[in-house]
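Chemist: Let me begin by handing over the structure; questions about it come next.
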Amino acid sequence: MSAVVDYRLYHSINLFVAGHDWLGSAVGFLETWAVPLFGLATIGLWFLARPGGRRKWKLASASAITSAAVALLVAQAISKTWPRERPFVAHPDAHVWGSRSHDPSFPSDHASAAFGIAFAIFLFDRVVGAIFLGAATLIAVGRVFVGAHYPADVLAGTLVGIGAAVLVVRAGMPLVERAVRMVERLTDPVVSLFRRHALHPRRGL
């Protein structure tokens, strides 16, 4: 995607949202809460696994978090190689809904991390992964709608995230499995206790 086409797409979307200010405010509000909720949902997958049972959801959760970390590292490396200005810095007349970050625009950290998480989960479970991919798409597209990124920034972040997920799940699984076995020694006793109290609440009285 050329820089000219990229800006024209950004400008068209920015003008449309500016003409419907409620949309920009709504997307900005959702962006504020979507990222932490997305992170909590990723961690929450860990607790779907029954202590002592299959590790599928623990592995999915751990792989997703690892993929996000790898994606962010790659995104940071790319941004240092090509420090592209944010669209509202290069074009001061652009409308922005939300905070104005001045770190490099390319690629989008939000898209990189969100798709790193979502695609890693998709590789473990297509149904749940599809839900996460849908949420990641909303987060990524929202970055353009609020004026924070060009479309190419988001597209590049998406590819970085998917690449990180494939790398972690296909090549890094032995390390992830080892980490999961270590962490579950701490979490399984706590989860077992909560499960017992949830199934037999009067026993704790």
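All residue names refer to the structure tokens as shown: chains lettered A, B, ... in order, residues numbered from 1 in each chain, ligands numbered from 1 in order.
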Near A:Arg178, counting only C-alpha atoms, which residues have an atom at most 12 Å away, once you skip same-chain residues fewer than 4 positions from it, shown as number ranges by chain?
Modeler: A: 55, 58-59, 62-63, 172-174, 182-185
Chemist: Write out as a ChimeraX atom specification all residues of stretch 73-203 of chain A that backbone DSSP assigns to alpha helix (DSSP H).
Modeler: /A:73-81,87-90,109-122,126-145,151-171,173-199
Chemist: Please, which residues in stretch 66-163 of chain A fall within 7 Å of stretch 22-38 of chain A when counting only C-alpha atoms, and what is the closest atom pair and distance in Å to one decimal for each, ordered by chain then residue number, as a Markdown table?
Modeler:
```
| residue | atom | partner | partner_atom | distance |
| --- | --- | --- | --- | --- |
| A:Trp97 | CA | A:Gly28 | CA | 5.7 |
| A:Gly98 | CA | A:Gly28 | CA | 5.8 |
| A:Ile139 | CA | A:Glu31 | CA | 6.5 |
| A:Gly142 | CA | A:Val27 | CA | 6.2 |
| A:Phe145 | CA | A:Gly24 | CA | 6.7 |
| A:Val146 | CA | A:Gly24 | CA | 5.8 |
```
Chemist: Give me a file of those residues, with N, CA, C and O atoms, as a PDB file, in the first residue's frame.
Modeler:
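Now in again25.pdb:
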```
ATOM      1  N   TRP A  97      -9.878  11.008  18.517  1.00  0.00           N
ATOM      2  CA  TRP A  97     -10.746  10.754  19.658  1.00  0.00           C
ATOM      3  C   TRP A  97      -9.956   9.911  20.659  1.00  0.00           C
ATOM      4  O   TRP A  97      -9.663   8.743  20.410  1.00  0.00           O
ATOM      5  N   GLY A  98      -9.559  10.530  21.754  1.00  0.00           N
ATOM      6  CA  GLY A  98      -8.745   9.824  22.743  1.00  0.00           C
ATOM      7  C   GLY A  98      -7.372  10.461  22.870  1.00  0.00           C
ATOM      8  O   GLY A  98      -7.127  11.565  22.374  1.00  0.00           O
ATOM      9  N   ILE A 139     -10.598  -4.018  17.633  1.00  0.00           N
ATOM     10  CA  ILE A 139      -9.561  -3.200  18.266  1.00  0.00           C
ATOM     11  C   ILE A 139      -8.677  -2.551  17.205  1.00  0.00           C
ATOM     12  O   ILE A 139      -8.379  -1.349  17.259  1.00  0.00           O
ATOM     13  N   GLY A 142     -10.530  -0.044  15.083  1.00  0.00           N
ATOM     14  CA  GLY A 142     -10.824   1.098  15.945  1.00  0.00           C
ATOM     15  C   GLY A 142      -9.677   2.084  16.016  1.00  0.00           C
ATOM     16  O   GLY A 142      -9.891   3.296  16.174  1.00  0.00           O
ATOM     17  N   PHE A 145     -10.226   4.361  13.194  1.00  0.00           N
ATOM     18  CA  PHE A 145     -11.432   5.158  13.392  1.00  0.00           C
ATOM     19  C   PHE A 145     -11.221   6.292  14.397  1.00  0.00           C
ATOM     20  O   PHE A 145     -11.812   7.358  14.251  1.00  0.00           O
ATOM     21  N   VAL A 146     -10.391   6.068  15.410  1.00  0.00           N
ATOM     22  CA  VAL A 146     -10.152   7.134  16.388  1.00  0.00           C
ATOM     23  C   VAL A 146      -9.036   8.077  15.936  1.00  0.00           C
ATOM     24  O   VAL A 146      -8.692   9.019  16.647  1.00  0.00           O
TER      25      VAL A 146
END
```
Chemist: At most 8 Å is the cut-off: for each residue in stretch 47-149 of chain A with any atom that close to an atom of stretch 5-10 of chain A, write down the nearest atom pair and the distance in Å rounded to one decimal, counting only C-alpha atoms, chain first then increasing number, as a tab-separated table.
Modeler:
```
residue	atom	partner	partner_atom	distance
A:Val144	CA	A:Tyr10	CA	6.9
A:Gly147	CA	A:Tyr10	CA	7.8
A:His149	CA	A:Tyr10	CA	8.0
```
Chemist: Can I get the selected residues back with C-alpha atoms, as an mmCIF file, in the first residue's frame?
Modeler:
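Listed below is the output, selection_35.cif:
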```cif
data_model
loop_
_atom_site.group_PDB
_atom_site.id
_atom_site.type_symbol
_atom_site.label_atom_id
_atom_site.label_comp_id
_atom_site.auth_asym_id
_atom_site.auth_seq_id
_atom_site.Cartn_x
_atom_site.Cartn_y
_atom_site.Cartn_z
ATOM 1 C CA VAL A 144 -7.950 3.954 12.467
ATOM 2 C CA GLY A 147 -7.466 8.709 14.211
ATOM 3 C CA HIS A 149 -3.115 5.048 12.979
#
```
Chemist: Which residue out of A:Ile131, A:Arg84, A:Gly157, A:Ala94 has the minimum interatomic distance to A:Ala3 when only C-alpha atoms are used?
Modeler: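 When distances to A:Ala3 are compared using only C-alpha atoms, the smallest one comes from A:Arg84.
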Chemist: For A:Gly116, list every protein, DNA or RNA residue within 6 Å, evaluated using only C-alpha atoms, and leave out those in the same chain fewer than 6 positions away; present the list as a list in words.
Modeler: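 Everything that qualifies: Ser67, Ala68, Gly161, Ile162, Ala164 and Ala165 of chain A.
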Chemist: May I have the selected residues written with C-alpha atoms, as a PDB file, in the first residue's frame?
Modeler:
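As a result, part_31.pdb now contains:
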```
ATOM      1  CA  SER A  67       2.734 -14.284  21.228  1.00  0.00           C
ATOM      2  CA  ALA A  68       1.645 -10.802  22.269  1.00  0.00           C
ATOM      3  CA  GLY A 161       0.779 -10.594  15.369  1.00  0.00           C
ATOM      4  CA  ILE A 162      -0.146 -13.563  13.184  1.00  0.00           C
ATOM      5  CA  ALA A 164       4.378 -14.142  16.175  1.00  0.00           C
ATOM      6  CA  ALA A 165       1.526 -16.541  17.004  1.00  0.00           C
TER       7      ALA A 165
END
```
Chemist: Which is closer to A:Ala136 than all the others in A:Glu177, A:Leu45, A:Gly39, A:Arg50, using only C-alpha atoms?
Modeler: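 Smallest distance to A:Ala136 is found for A:Gly39.
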Chemist: Can you measure atom CA of A:Val166 to atom CA of A:Trp57 for me? One decimal in Å is fine.
Modeler: 16.9 Å
